[in-house]
$ cat input00.txt   # compact mmCIF, C-alpha atoms (C1' of nucleotides)
# COMPACT_ATOMS: atom_id res chain seq x y z
CA MET J 1 0.00 0.00 0.00
CA THR J 2 1.45 3.34 -0.99
CA THR J 3 0.78 6.52 0.90
CA GLU J 4 -1.56 7.86 -1.76
CA THR J 5 -3.92 4.89 -1.55
CA ASP J 6 -4.07 4.81 2.26
CA PRO J 7 -7.69 5.60 3.22
CA ARG J 8 -6.49 7.62 6.19
CA PHE J 9 -4.43 9.77 3.85
CA GLN J 10 -7.39 10.24 1.51
CA ARG J 11 -9.74 11.13 4.36
CA SER J 12 -7.38 13.78 5.70
CA ARG J 13 -6.80 15.15 2.23
CA GLU J 14 -10.52 15.54 1.54
CA ALA J 15 -11.24 17.08 4.93
CA ILE J 16 -8.40 19.59 4.46
CA LEU J 17 -9.52 20.54 0.94
CA ASN J 18 -13.11 21.02 2.07
CA ALA J 19 -12.05 23.14 5.03
CA ALA J 20 -9.78 25.26 2.84
CA ARG J 21 -12.58 25.85 0.33
CA GLU J 22 -15.05 26.79 3.06
CA LEU J 23 -12.58 29.23 4.59
CA LEU J 24 -11.87 30.80 1.22
CA LEU J 25 -15.56 31.31 0.49
CA GLU J 26 -16.41 32.58 3.97
CA SER J 27 -13.46 34.77 4.78
CA GLY J 28 -11.24 35.10 1.72
CA PRO J 29 -7.84 33.74 0.71
CA THR J 30 -6.07 35.21 3.74
CA ALA J 31 -8.11 32.94 6.00
CA VAL J 32 -6.59 29.83 4.43
CA THR J 33 -3.77 29.22 6.92
CA HIS J 34 -2.47 25.87 8.19
CA GLY J 35 -3.87 26.56 11.64
CA GLN J 36 -7.39 27.59 10.63
CA VAL J 37 -7.66 24.83 8.05
CA ALA J 38 -6.61 22.23 10.64
CA ASP J 39 -9.21 23.44 13.15
CA ARG J 40 -11.98 23.52 10.56
CA ALA J 41 -11.03 20.14 9.10
CA GLY J 42 -10.77 18.50 12.51
CA VAL J 43 -7.25 17.27 11.83
CA GLY J 44 -3.95 18.05 13.50
CA ARG J 45 -1.98 21.04 12.34
CA ALA J 46 0.98 18.79 11.53
CA THR J 47 -1.21 16.80 9.17
CA VAL J 48 -1.98 19.90 7.11
CA TYR J 49 1.75 20.64 6.90
CA ARG J 50 2.42 17.04 5.82
CA HIS J 51 -0.07 17.29 2.95
CA TRP J 52 0.66 20.86 1.87
CA PRO J 53 3.85 22.38 3.28
CA ARG J 54 2.89 25.69 1.58
CA THR J 55 -0.55 27.28 1.59
CA GLU J 56 -0.61 28.54 -2.03
CA PRO J 57 -0.83 25.09 -3.66
CA LEU J 58 -3.49 24.14 -1.11
CA LEU J 59 -5.45 27.24 -2.05
CA VAL J 60 -5.11 26.39 -5.74
CA GLU J 61 -6.34 22.85 -5.21
CA ALA J 62 -9.17 24.02 -2.99
CA MET J 63 -10.23 26.50 -5.66
CA ALA J 64 -10.13 23.76 -8.27
CA THR J 65 -12.81 21.88 -6.28
CA VAL J 66 -15.29 24.70 -6.92
CA PRO J 67 -17.25 23.91 -10.10
CA MET J 68 -16.37 26.74 -12.47
CA PRO J 69 -18.41 27.78 -15.49
CA PHE J 70 -17.04 26.39 -18.72
CA LEU J 71 -18.53 26.26 -22.16
CA ASP J 72 -20.10 22.91 -22.89
CA LYS J 73 -19.67 20.99 -26.15
CA PRO J 74 -21.12 23.14 -28.96
CA THR J 75 -24.40 22.24 -30.64
CA THR J 76 -26.17 23.91 -33.54
CA PRO J 77 -27.51 26.40 -34.11
CA THR J 78 -24.56 28.12 -32.48
CA ARG J 79 -26.66 31.11 -31.53
CA GLU J 80 -28.95 28.94 -29.40
CA TRP J 81 -26.00 27.14 -27.88
CA LEU J 82 -24.39 30.46 -27.02
CA ARG J 83 -27.54 31.81 -25.44
CA ARG J 84 -27.82 28.69 -23.31
CA GLU J 85 -24.18 28.59 -22.26
CA LEU J 86 -23.89 32.30 -21.52
CA THR J 87 -27.06 32.14 -19.46
CA ALA J 88 -25.52 29.26 -17.53
CA ILE J 89 -22.33 31.25 -16.94
CA ALA J 90 -24.39 34.25 -15.84
CA ARG J 91 -26.21 32.05 -13.32
CA GLN J 92 -22.91 30.67 -12.04
CA LEU J 93 -21.43 34.14 -11.67
CA GLU J 94 -24.30 35.03 -9.35
CA LEU J 95 -22.96 32.42 -6.94
CA ASP J 96 -20.69 33.68 -4.20
CA ASP J 97 -18.21 30.87 -4.57
CA VAL J 98 -17.64 31.39 -8.29
CA ARG J 99 -17.08 35.10 -7.70
CA ALA J 100 -14.73 34.33 -4.85
CA VAL J 101 -12.68 31.90 -6.93
CA SER J 102 -12.47 34.03 -10.06
CA THR J 103 -11.53 37.26 -8.30
CA THR J 104 -9.05 35.46 -6.04
CA LEU J 105 -7.57 33.92 -9.15
CA ALA J 106 -7.23 37.22 -11.00
CA ASN J 107 -5.72 38.88 -7.94
CA THR J 108 -3.31 36.30 -6.54
CA ALA J 109 -2.09 35.32 -10.02
CA LEU J 110 -0.41 38.73 -10.18
CA TRP J 111 2.14 37.69 -7.57
CA ASP J 112 2.00 33.87 -7.36
CA GLU J 113 3.27 31.73 -10.22
CA THR J 114 1.24 28.68 -9.17
CA MET J 115 -1.93 30.75 -9.33
CA ASN J 116 -0.91 32.33 -12.60
CA THR J 117 -0.61 28.90 -14.22
CA TYR J 118 -4.12 28.01 -13.08
CA ARG J 119 -5.43 31.36 -14.34
CA ALA J 120 -3.87 30.86 -17.80
CA GLN J 121 -5.34 27.38 -18.03
CA PHE J 122 -8.79 28.61 -17.05
CA ALA J 123 -8.75 31.52 -19.51
CA GLY J 124 -7.34 29.34 -22.29
CA ILE J 125 -10.13 26.80 -22.08
CA LEU J 126 -12.84 29.45 -22.36
CA THR J 127 -11.13 31.28 -25.24
CA ASP J 128 -10.40 28.12 -27.22
CA ARG J 129 -13.85 26.59 -26.88
CA LEU J 130 -15.64 29.77 -27.85
CA ALA J 131 -13.30 30.47 -30.76
CA ALA J 132 -13.77 26.94 -32.09
CA ALA J 133 -17.56 27.13 -31.87
CA LEU J 134 -17.67 30.51 -33.60
CA ASP J 135 -15.27 29.46 -36.35
CA ASP J 136 -17.50 26.49 -37.00
CA ALA J 137 -20.60 28.70 -37.05
CA GLN J 138 -18.95 30.98 -39.57
CA ALA J 139 -17.91 28.01 -41.73
CA ARG J 140 -21.53 26.88 -41.73
CA GLY J 141 -22.65 30.39 -42.70
CA GLU J 142 -24.56 31.00 -39.49
CA ILE J 143 -22.60 34.11 -38.67
CA SER J 144 -20.29 36.58 -40.31
CA LEU J 145 -17.87 37.29 -37.46
CA GLY J 146 -17.21 40.92 -36.63
CA LEU J 147 -14.10 40.15 -34.57
CA THR J 148 -11.36 37.55 -34.20
CA GLY J 149 -11.95 34.34 -32.27
CA ARG J 150 -9.37 35.60 -29.84
CA ASN J 151 -11.49 38.67 -29.07
CA ALA J 152 -14.75 36.77 -28.85
CA ALA J 153 -14.18 35.46 -25.32
CA ALA J 154 -13.38 38.89 -23.94
CA MET J 155 -16.40 40.33 -25.76
CA THR J 156 -18.87 37.81 -24.36
CA ILE J 157 -17.61 36.81 -20.93
CA GLY J 158 -15.98 40.16 -20.17
CA PRO J 159 -19.20 42.14 -19.73
CA MET J 160 -20.75 39.46 -17.52
CA TYR J 161 -17.59 39.14 -15.45
CA TYR J 162 -17.39 42.93 -15.01
CA ARG J 163 -21.06 43.19 -14.12
CA SER J 164 -20.73 40.45 -11.55
CA THR J 165 -17.41 41.33 -9.90
CA ILE J 166 -17.00 45.11 -10.27
CA GLU J 167 -20.57 46.37 -10.52
CA ARG J 168 -21.84 43.50 -8.34
CA ALA J 169 -25.24 43.57 -9.98
CA PRO J 170 -27.34 40.81 -11.57
CA ILE J 171 -26.79 39.95 -15.22
CA ASP J 172 -30.00 40.62 -17.17
CA SER J 173 -30.93 38.85 -20.37
CA ALA J 174 -30.61 42.10 -22.32
CA LEU J 175 -26.89 42.09 -21.62
CA ILE J 176 -26.61 38.49 -22.80
CA GLU J 177 -28.47 39.29 -26.00
CA ALA J 178 -26.27 42.33 -26.52
CA VAL J 179 -23.02 40.38 -26.31
CA ILE J 180 -24.36 37.73 -28.70
CA ALA J 181 -25.36 40.41 -31.18
CA ALA J 182 -21.96 42.06 -30.81
CA LEU J 183 -20.12 39.01 -32.15
CA GLY J 184 -21.06 39.68 -35.76
CA ALA J 185 -23.88 39.52 -38.25
CA TRP J 186 -26.05 36.47 -37.54
CA SER J 187 -27.86 34.91 -40.46
CA THR J 188 -31.63 34.69 -39.98
CA ASP J 189 -32.25 31.29 -41.54
CA HIS J 190 -30.87 28.98 -38.87
CA MET T 1 -1.71 73.95 15.30
CA THR T 2 -3.88 70.89 15.05
CA THR T 3 -2.51 67.41 14.55
CA GLU T 4 -3.59 67.27 10.92
CA THR T 5 -1.63 70.36 9.95
CA ASP T 6 1.57 69.37 11.75
CA PRO T 7 4.23 68.84 9.04
CA ARG T 8 5.61 65.86 10.94
CA PHE T 9 2.21 64.25 10.86
CA GLN T 10 1.87 64.91 7.13
CA ARG T 11 5.34 63.58 6.36
CA SER T 12 4.69 60.34 8.22
CA ARG T 13 1.30 59.99 6.59
CA GLU T 14 2.73 60.38 3.08
CA ALA T 15 5.64 58.03 3.74
CA ILE T 16 3.27 55.38 5.11
CA LEU T 17 0.85 55.68 2.18
CA ASN T 18 3.69 55.45 -0.34
CA ALA T 19 5.16 52.43 1.39
CA ALA T 20 1.77 50.72 1.55
CA ARG T 21 1.18 51.35 -2.15
CA GLU T 22 4.60 50.03 -3.09
CA LEU T 23 4.10 46.89 -1.02
CA LEU T 24 0.68 46.30 -2.57
CA LEU T 25 2.05 46.61 -6.09
CA GLU T 26 5.14 44.52 -5.44
CA SER T 27 3.80 41.75 -3.25
CA GLY T 28 0.04 42.00 -3.04
CA PRO T 29 -2.44 43.07 -0.37
CA THR T 30 -1.19 40.52 2.18
CA ALA T 31 2.15 42.31 2.28
CA VAL T 32 0.53 45.47 3.65
CA THR T 33 1.10 44.88 7.38
CA HIS T 34 1.99 47.46 10.03
CA GLY T 35 5.46 45.98 10.38
CA GLN T 36 6.42 45.86 6.71
CA VAL T 37 4.91 49.27 6.00
CA ALA T 38 6.87 50.80 8.89
CA ASP T 39 10.15 49.30 7.65
CA ARG T 40 9.54 50.43 4.08
CA ALA T 41 8.42 53.90 5.10
CA GLY T 42 11.33 54.38 7.47
CA VAL T 43 9.02 55.19 10.38
CA GLY T 44 8.43 53.48 13.69
CA ARG T 45 5.89 50.69 13.86
CA ALA T 46 3.96 52.61 16.52
CA THR T 47 3.60 55.52 14.13
CA VAL T 48 1.82 53.33 11.60
CA TYR T 49 -0.56 52.16 14.35
CA ARG T 50 -1.18 55.77 15.38
CA HIS T 51 -2.18 56.76 11.85
CA TRP T 52 -4.06 53.58 10.88
CA PRO T 53 -4.94 51.24 13.76
CA ARG T 54 -6.30 48.75 11.19
CA THR T 55 -4.68 47.77 7.91
CA GLU T 56 -7.80 47.66 5.72
CA PRO T 57 -8.44 51.41 5.73
CA LEU T 58 -4.73 51.96 5.08
CA LEU T 59 -4.94 49.62 2.11
CA VAL T 60 -7.99 51.45 0.81
CA GLU T 61 -6.30 54.85 1.08
CA ALA T 62 -3.11 53.53 -0.48
CA MET T 63 -5.12 52.14 -3.38
CA ALA T 64 -6.85 55.49 -3.78
CA THR T 65 -3.45 57.08 -4.45
CA VAL T 66 -3.04 55.01 -7.60
CA PRO T 67 -4.42 57.01 -10.53
CA MET T 68 -7.32 54.92 -11.79
CA PRO T 69 -8.82 55.17 -15.26
CA PHE T 70 -11.99 57.24 -15.31
CA LEU T 71 -13.92 58.66 -18.18
CA ASP T 72 -13.07 62.29 -18.79
CA LYS T 73 -15.63 65.01 -19.48
CA PRO T 74 -17.49 64.11 -22.70
CA THR T 75 -16.89 65.98 -25.91
CA THR T 76 -18.55 65.60 -29.30
CA PRO T 77 -18.67 63.66 -31.42
CA THR T 78 -19.27 61.06 -28.72
CA ARG T 79 -17.82 58.31 -30.86
CA GLU T 80 -14.45 60.06 -31.03
CA TRP T 81 -14.57 60.82 -27.33
CA LEU T 82 -15.31 57.17 -26.58
CA ARG T 83 -12.50 55.94 -28.79
CA ARG T 84 -10.08 58.27 -27.04
CA GLU T 85 -11.26 57.44 -23.50
CA LEU T 86 -11.42 53.70 -24.02
CA THR T 87 -7.95 53.73 -25.55
CA ALA T 88 -6.76 55.60 -22.47
CA ILE T 89 -8.39 53.03 -20.18
CA ALA T 90 -6.83 50.23 -22.22
CA ARG T 91 -3.41 51.79 -21.80
CA GLN T 92 -3.98 52.18 -18.07
CA LEU T 93 -5.08 48.58 -17.72
CA GLU T 94 -1.73 47.49 -19.17
CA LEU T 95 -0.07 49.01 -16.11
CA ASP T 96 0.70 46.62 -13.29
CA ASP T 97 -0.54 48.98 -10.60
CA VAL T 98 -3.97 49.53 -12.13
CA ARG T 99 -4.40 45.78 -12.51
CA ALA T 100 -3.26 45.27 -8.94
CA VAL T 101 -5.69 47.82 -7.58
CA SER T 102 -8.71 46.73 -9.58
CA THR T 103 -8.33 43.01 -8.90
CA THR T 104 -7.56 43.62 -5.23
CA LEU T 105 -10.67 45.77 -5.10
CA ALA T 106 -12.89 43.14 -6.71
CA ASN T 107 -11.51 40.42 -4.47
CA THR T 108 -11.29 42.05 -1.04
CA ALA T 109 -14.66 43.80 -1.49
CA LEU T 110 -16.28 40.37 -1.20
CA TRP T 111 -15.38 40.17 2.49
CA ASP T 112 -14.52 43.71 3.60
CA GLU T 113 -17.19 46.39 3.86
CA THR T 114 -14.73 49.28 3.61
CA MET T 115 -13.43 47.88 0.35
CA ASN T 116 -16.93 47.20 -0.91
CA THR T 117 -17.85 50.85 -0.44
CA TYR T 118 -14.83 51.93 -2.46
CA ARG T 119 -15.68 49.37 -5.16
CA ALA T 120 -19.27 50.61 -5.45
CA GLN T 121 -18.08 54.19 -5.72
CA PHE T 122 -15.55 53.32 -8.41
CA ALA T 123 -18.05 51.31 -10.46
CA GLY T 124 -20.74 53.95 -10.03
CA ILE T 125 -18.62 56.76 -11.44
CA LEU T 126 -17.78 54.79 -14.58
CA THR T 127 -21.37 53.66 -15.15
CA ASP T 128 -22.87 57.11 -14.58
CA ARG T 129 -20.43 59.01 -16.77
CA LEU T 130 -20.75 56.61 -19.64
CA ALA T 131 -24.53 56.47 -19.41
CA ALA T 132 -24.75 60.27 -19.37
CA ALA T 133 -22.50 60.64 -22.41
CA LEU T 134 -24.41 58.01 -24.38
CA ASP T 135 -27.80 59.42 -23.48
CA ASP T 136 -26.63 62.78 -24.70
CA ALA T 137 -25.29 61.25 -27.93
CA GLN T 138 -28.63 59.60 -28.52
CA ALA T 139 -30.48 62.87 -27.84
CA ARG T 140 -28.26 64.52 -30.44
CA GLY T 141 -29.04 61.72 -32.90
CA GLU T 142 -25.45 60.48 -33.06
CA ILE T 143 -26.37 56.97 -31.99
CA SER T 144 -29.41 54.78 -31.67
CA LEU T 145 -28.58 52.85 -28.50
CA GLY T 146 -28.87 49.07 -28.66
CA LEU T 147 -28.78 48.67 -24.88
CA THR T 148 -29.57 50.51 -21.66
CA GLY T 149 -27.16 53.04 -20.23
CA ARG T 150 -26.79 50.69 -17.29
CA ASN T 151 -25.49 47.94 -19.56
CA ALA T 152 -23.19 50.21 -21.54
CA ALA T 153 -20.42 50.27 -18.94
CA ALA T 154 -20.31 46.49 -18.64
CA MET T 155 -20.35 46.19 -22.40
CA THR T 156 -17.43 48.54 -22.98
CA ILE T 157 -15.16 48.24 -19.97
CA GLY T 158 -15.99 44.59 -19.27
CA PRO T 159 -14.17 43.13 -22.28
CA MET T 160 -11.08 45.22 -21.63
CA TYR T 161 -11.09 44.37 -17.95
CA TYR T 162 -11.46 40.67 -18.68
CA ARG T 163 -8.74 40.75 -21.33
CA SER T 164 -6.38 42.50 -18.96
CA THR T 165 -7.02 40.63 -15.70
CA ILE T 166 -8.16 37.14 -16.69
CA GLU T 167 -6.59 36.60 -20.10
CA ARG T 168 -3.65 38.86 -19.19
CA ALA T 169 -3.11 39.83 -22.80
CA PRO T 170 -2.79 43.24 -24.48
CA ILE T 171 -5.93 45.07 -25.58
CA ASP T 172 -5.83 45.55 -29.35
CA SER T 173 -7.65 48.34 -31.16
CA ALA T 174 -9.95 45.83 -32.87
CA LEU T 175 -11.44 45.02 -29.46
CA ILE T 176 -11.96 48.71 -28.72
CA GLU T 177 -13.68 49.23 -32.09
CA ALA T 178 -15.83 46.18 -31.45
CA VAL T 179 -17.13 47.41 -28.10
CA ILE T 180 -17.89 50.85 -29.59
CA ALA T 181 -19.81 49.26 -32.43
CA ALA T 182 -21.68 47.03 -29.97
CA LEU T 183 -23.27 50.00 -28.22
CA GLY T 184 -25.80 50.61 -30.99
CA ALA T 185 -26.21 52.01 -34.47
CA TRP T 186 -23.94 55.01 -34.95
CA SER T 187 -25.06 57.67 -37.40
CA THR T 188 -22.52 58.36 -40.13
CA ASP T 189 -22.90 62.13 -40.40
CA HIS T 190 -21.09 63.23 -37.27
C1' DG L 1 14.07 80.25 24.24
C1' DC L 2 9.72 77.79 25.46
C1' DA L 3 5.83 74.86 25.36
C1' DC L 4 3.63 71.45 22.74
C1' DT L 5 3.13 67.14 20.53
C1' DG L 6 4.31 63.65 16.96
C1' DC L 7 7.80 60.42 16.67
C1' DG L 8 11.39 56.40 17.20
C1' DA L 9 12.85 53.01 20.00
C1' DG L 10 11.96 49.78 23.00
C1' DT L 11 9.24 46.55 26.01
C1' DC L 12 5.79 43.23 26.67
C1' DA L 13 2.11 39.62 26.46
C1' DA L 14 -0.47 36.97 23.37
C1' DG L 15 -0.82 34.66 19.34
C1' DT L 16 1.07 32.48 14.93
C1' DT L 17 4.29 29.79 12.17
C1' DG L 18 7.09 26.13 10.92
C1' DT L 19 9.48 21.99 12.68
C1' DC L 20 10.13 17.96 15.25
C1' DT L 21 9.07 13.92 18.41
C1' DC L 22 6.42 10.20 20.05
C1' DA L 23 2.69 7.20 21.39
C1' DT L 24 -1.50 5.60 19.20
C1' DA L 25 -4.58 3.52 16.30
C1' DG L 26 -6.31 2.49 11.42
C1' DG L 27 -5.64 -0.62 7.96
C1' DA L 28 -3.26 -4.24 4.92
C1' DT L 29 -1.29 -8.82 5.02
C1' DG L 30 -0.59 -13.43 6.47
C1' DC Q 1 -6.58 -13.31 14.93
C1' DA Q 2 -1.69 -11.57 15.20
C1' DT Q 3 1.67 -8.66 13.00
C1' DC Q 4 3.66 -5.00 10.78
C1' DC Q 5 3.46 -0.51 8.64
C1' DT Q 6 2.53 4.20 8.64
C1' DA Q 7 -0.65 8.32 8.86
C1' DT Q 8 -2.18 10.79 12.50
C1' DG Q 9 -3.11 13.81 16.94
C1' DA Q 10 -1.08 15.87 20.63
C1' DG Q 11 2.19 18.50 22.20
C1' DA Q 12 6.80 20.82 22.73
C1' DC Q 13 9.54 24.25 20.87
C1' DA Q 14 12.02 28.47 18.98
C1' DA Q 15 11.37 32.20 15.96
C1' DC Q 16 8.53 35.56 14.58
C1' DT Q 17 4.34 38.70 14.36
C1' DT Q 18 0.75 41.45 16.36
C1' DG Q 19 -1.25 44.95 19.00
C1' DA Q 20 -0.72 47.90 23.02
C1' DC Q 21 1.88 50.71 25.91
C1' DT Q 22 5.83 53.88 27.77
C1' DC Q 23 9.25 57.37 27.59
C1' DG Q 24 12.83 60.46 26.16
C1' DC Q 25 13.74 63.18 22.14
C1' DA Q 26 13.33 66.43 18.62
C1' DG Q 27 10.68 69.15 15.08
C1' DT Q 28 7.51 72.97 15.10
C1' DG Q 29 4.94 77.32 16.07
C1' DC Q 30 4.92 81.09 19.11
$ encode --input "input00.txt" --output "structure tokens"
Amino acid sequence: MTTETDPRFQRSREAILNAARELLLESGPTAVTHGQVADRAGVGRATVYRHWPRTEPLLVEAMATVPMPFLDKPTTPTREWLRRELTAIARQLELDDVRAVSTTLANTALWDETMNTYRAQFAGILTDRLAAALDDAQARGEISLGLTGRNAAAMTIGPMYYRSTIERAPIDSALIEAVIAALGAWSTDH
Amino acid sequence: MTTETDPRFQRSREAILNAARELLLESGPTAVTHGQVADRAGVGRATVYRHWPRTEPLLVEAMATVPMPFLDKPTTPTREWLRRELTAIARQLELDDVRAVSTTLANTALWDETMNTYRAQFAGILTDRLAAALDDAQARGEISLGLTGRNAAAMTIGPMYYRSTIERAPIDSALIEAVIAALGAWSTDH
DNA sequence: GCACTGCGAGTCAAGTTGTCTCATAGGATG
DNA sequence: CATCCTATGAGACAACTTGACTCGCAGTGC
């Protein structure tokens, strides 16, 4: 039996990750310390140090346990798929934990390389999936794109992200329709 | 002579604010502690406590010393004014300190009421100024708005903010043109 | 020069951080 | 069931941080 498969190891690991996530959501990234995590998780402080000698990687892994909004596999018509997916992202952004994770990510990534890697990965997935779906829609003649695939992610998710994290107001469907319309000229016969 | 006008008081205050700002930009909000600020500012630790018994208000005031991008007084044609102002905001967002302040604001405001007040104020100024300028442009017949004034700020600043803080990539002029076009139907004779 | 007061340096208790040790008990193996 | 292995909890520990307080000094206005 290796360490990784030991049930005791797994139990501690899960308890620590859950505690770290709860602390992040309740009190912010600064609350994720070895001591507070140990108390919350009901494990010894030494155990937290054994699993994660540094808090940053623990915070990254704890954040990764929060279900983040990603774009699902594209369906046609692309416009309907977009409306559905963006509405889903809007709903997710209303959740405290998604806001906490995304703003913590954007902030801590400025000074922590581990966080920056996670940020780049997160942004890359969204950009790539949206660009691929839109390229496909254009190839099928559903849209004549008004901007590059690279700019599409910023143009669609950007306004919702800003509304949710800076303005801290709900995302109305008019905003979603506006960003969809802003992508280019949609053909009517789809 | 009151305390506030005492040059010694002012000198300490400035040195502390500068040190706090430098620490924020170099190492993030967690680096802004009484001890580190005192060392950096070249003042005694007790002096920092005398001026700011708690670190959050110090952090807020230090952040307020960073020149943030705001929309300048509108000129006509509104489209030109917008292009100029958004380009200025884009340039500002490329600066490390503006990114640091805005992401710190979005993140810490989730758990700190002082920060949340500052965030609301910041967001409100941008939203109001943009809405006023666009309403005026519509009254003058320069644009037929495709969205509410309330959604205009998210639609224009959102994509640039997302590009700069989540994607961490430069803001190209195509993105700026795209957000301007997305606001509505611009008349050609202006 | 004189009175005032902000300041630096230092002290102190309480709490935190990171490391280490050791007895215990959970779990695999036979 | 007996045996071995090892993750764990409890605790000790030094180093450091935090927040509060004291006091002599020196910059400042009069």
$ atom_distance --input "input00.txt" --atom1 "atom CA of Leu110 of chain T" --atom2 "atom CA of Ala100 of chain J"
7.2 Å
$ interface_residues --input "input00.txt" --of "chain T" --to "chain J" --cutoff "9 Å" --atoms "all atoms listed in the file" --output "ChimeraX atom specification"
/T:26-28,30,96,99-108,110-111,119-120,122-124,127,146-148,151-163,165-168,172,174-175,178-179,181-183
$ write_last_selection --input "input00.txt" --atoms "C-alpha atoms" --output "tab-separated table (two decimals), keeping the file's coordinate frame"
chain	number	residue	atom	x	y	z
T	26	GLU	CA	5.14	44.52	-5.44
T	27	SER	CA	3.80	41.75	-3.25
T	28	GLY	CA	0.04	42.00	-3.04
T	30	THR	CA	-1.19	40.52	2.18
T	96	ASP	CA	0.70	46.62	-13.29
T	99	ARG	CA	-4.40	45.78	-12.51
T	100	ALA	CA	-3.26	45.27	-8.94
T	101	VAL	CA	-5.69	47.82	-7.58
T	102	SER	CA	-8.71	46.73	-9.58
T	103	THR	CA	-8.33	43.01	-8.90
T	104	THR	CA	-7.56	43.62	-5.23
T	105	LEU	CA	-10.67	45.77	-5.10
T	106	ALA	CA	-12.89	43.14	-6.71
T	107	ASN	CA	-11.51	40.42	-4.47
T	108	THR	CA	-11.29	42.05	-1.04
T	110	LEU	CA	-16.28	40.37	-1.20
T	111	TRP	CA	-15.38	40.17	2.49
T	119	ARG	CA	-15.68	49.37	-5.16
T	120	ALA	CA	-19.27	50.61	-5.45
T	122	PHE	CA	-15.55	53.32	-8.41
T	123	ALA	CA	-18.05	51.31	-10.46
T	124	GLY	CA	-20.74	53.95	-10.03
T	127	THR	CA	-21.37	53.66	-15.15
T	146	GLY	CA	-28.87	49.07	-28.66
T	147	LEU	CA	-28.78	48.67	-24.88
T	148	THR	CA	-29.57	50.51	-21.66
T	151	ASN	CA	-25.49	47.94	-19.56
T	152	ALA	CA	-23.19	50.21	-21.54
T	153	ALA	CA	-20.42	50.27	-18.94
T	154	ALA	CA	-20.31	46.49	-18.64
T	155	MET	CA	-20.35	46.19	-22.40
T	156	THR	CA	-17.43	48.54	-22.98
T	157	ILE	CA	-15.16	48.24	-19.97
T	158	GLY	CA	-15.99	44.59	-19.27
T	159	PRO	CA	-14.17	43.13	-22.28
T	160	MET	CA	-11.08	45.22	-21.63
T	161	TYR	CA	-11.09	44.37	-17.95
T	162	TYR	CA	-11.46	40.67	-18.68
T	163	ARG	CA	-8.74	40.75	-21.33
T	165	THR	CA	-7.02	40.63	-15.70
T	166	ILE	CA	-8.16	37.14	-16.69
T	167	GLU	CA	-6.59	36.60	-20.10
T	168	ARG	CA	-3.65	38.86	-19.19
T	172	ASP	CA	-5.83	45.55	-29.35
T	174	ALA	CA	-9.95	45.83	-32.87
T	175	LEU	CA	-11.44	45.02	-29.46
T	178	ALA	CA	-15.83	46.18	-31.45
T	179	VAL	CA	-17.13	47.41	-28.10
T	181	ALA	CA	-19.81	49.26	-32.43
T	182	ALA	CA	-21.68	47.03	-29.97
T	183	LEU	CA	-23.27	50.00	-28.22
$ residues_around --input "input00.txt" --residues "Pro7 of chain J" --least-positions-apart "2" --cutoff "12 Å" --atoms "only C-alpha atoms (C1' of nucleotides)" --output "MDAnalysis selection string"
(chainID J and resid 1:5 9:14) or (chainID L and resid 26:28) or (chainID Q and resid 6:8)
$ write_last_selection --input "input00.txt" --atoms "C-alpha atoms (C1' of nucleotides)" --output "CSV table (one decimal), in the frame of the given file"
chain,number,residue,atom,x,y,z
J,1,MET,CA,0.0,0.0,0.0
J,2,THR,CA,1.4,3.3,-1.0
J,3,THR,CA,0.8,6.5,0.9
J,4,GLU,CA,-1.6,7.9,-1.8
J,5,THR,CA,-3.9,4.9,-1.6
J,9,PHE,CA,-4.4,9.8,3.8
J,10,GLN,CA,-7.4,10.2,1.5
J,11,ARG,CA,-9.7,11.1,4.4
J,12,SER,CA,-7.4,13.8,5.7
J,13,ARG,CA,-6.8,15.2,2.2
J,14,GLU,CA,-10.5,15.5,1.5
L,26,DG,C1',-6.3,2.5,11.4
L,27,DG,C1',-5.6,-0.6,8.0
L,28,DA,C1',-3.3,-4.2,4.9
Q,6,DT,C1',2.5,4.2,8.6
Q,7,DA,C1',-0.6,8.3,8.9
Q,8,DT,C1',-2.2,10.8,12.5
$ residues_around --input "input00.txt" --residues "DC20 of chain L" --least-positions-apart "4" --cutoff "10 Å" --atoms "only C-alpha atoms (C1' of nucleotides)" --output "VMD selection string"
(chain J and resid 46) or (chain Q and resid 12 to 13)
$ residues_around --input "input00.txt" --residues "DT17 of chain L" --least-positions-apart "5" --cutoff "9 Å" --atoms "all atoms listed in the file" --output "list in words"
His34 and Gly35 of chain J; DA15 and DC16 of chain Q
$ closest_residue --input "input00.txt" --among "Q:DA10, Q:DC25, Q:DA2, Q:DC30" --to "chain T" --atoms "all atoms listed in the file"
Q:DC30
$ interface_residues --input "input00.txt" --of "chain T" --to "chain L" --cutoff "7 Å" --atoms "all atoms listed in the file" --output "ChimeraX atom specification"
/T:8-9,44,47
$ build_atoms --input "input00.txt" --residues "segment 180-184 of chain J" --atoms "N, CA and C atoms" --output "mmCIF file, in the frame of the given file"
data_model
loop_
_atom_site.group_PDB
_atom_site.id
_atom_site.type_symbol
_atom_site.label_atom_id
_atom_site.label_comp_id
_atom_site.auth_asym_id
_atom_site.auth_seq_id
_atom_site.Cartn_x
_atom_site.Cartn_y
_atom_site.Cartn_z
ATOM 1 N N ILE J 180 -24.209 38.662 -27.574
ATOM 2 C CA ILE J 180 -24.360 37.730 -28.700
ATOM 3 C C ILE J 180 -24.435 38.506 -30.015
ATOM 4 N N ALA J 181 -25.215 39.592 -29.971
ATOM 5 C CA ALA J 181 -25.360 40.410 -31.180
ATOM 6 C C ALA J 181 -24.041 41.065 -31.563
ATOM 7 N N ALA J 182 -23.202 41.338 -30.553
ATOM 8 C CA ALA J 182 -21.960 42.060 -30.810
ATOM 9 C C ALA J 182 -20.906 41.208 -31.514
ATOM 10 N N LEU J 183 -21.145 39.896 -31.566
ATOM 11 C CA LEU J 183 -20.120 39.010 -32.150
ATOM 12 C C LEU J 183 -20.015 39.136 -33.661
ATOM 13 N N GLY J 184 -21.096 39.547 -34.304
ATOM 14 C CA GLY J 184 -21.060 39.680 -35.760
ATOM 15 C C GLY J 184 -22.475 39.704 -36.305
#
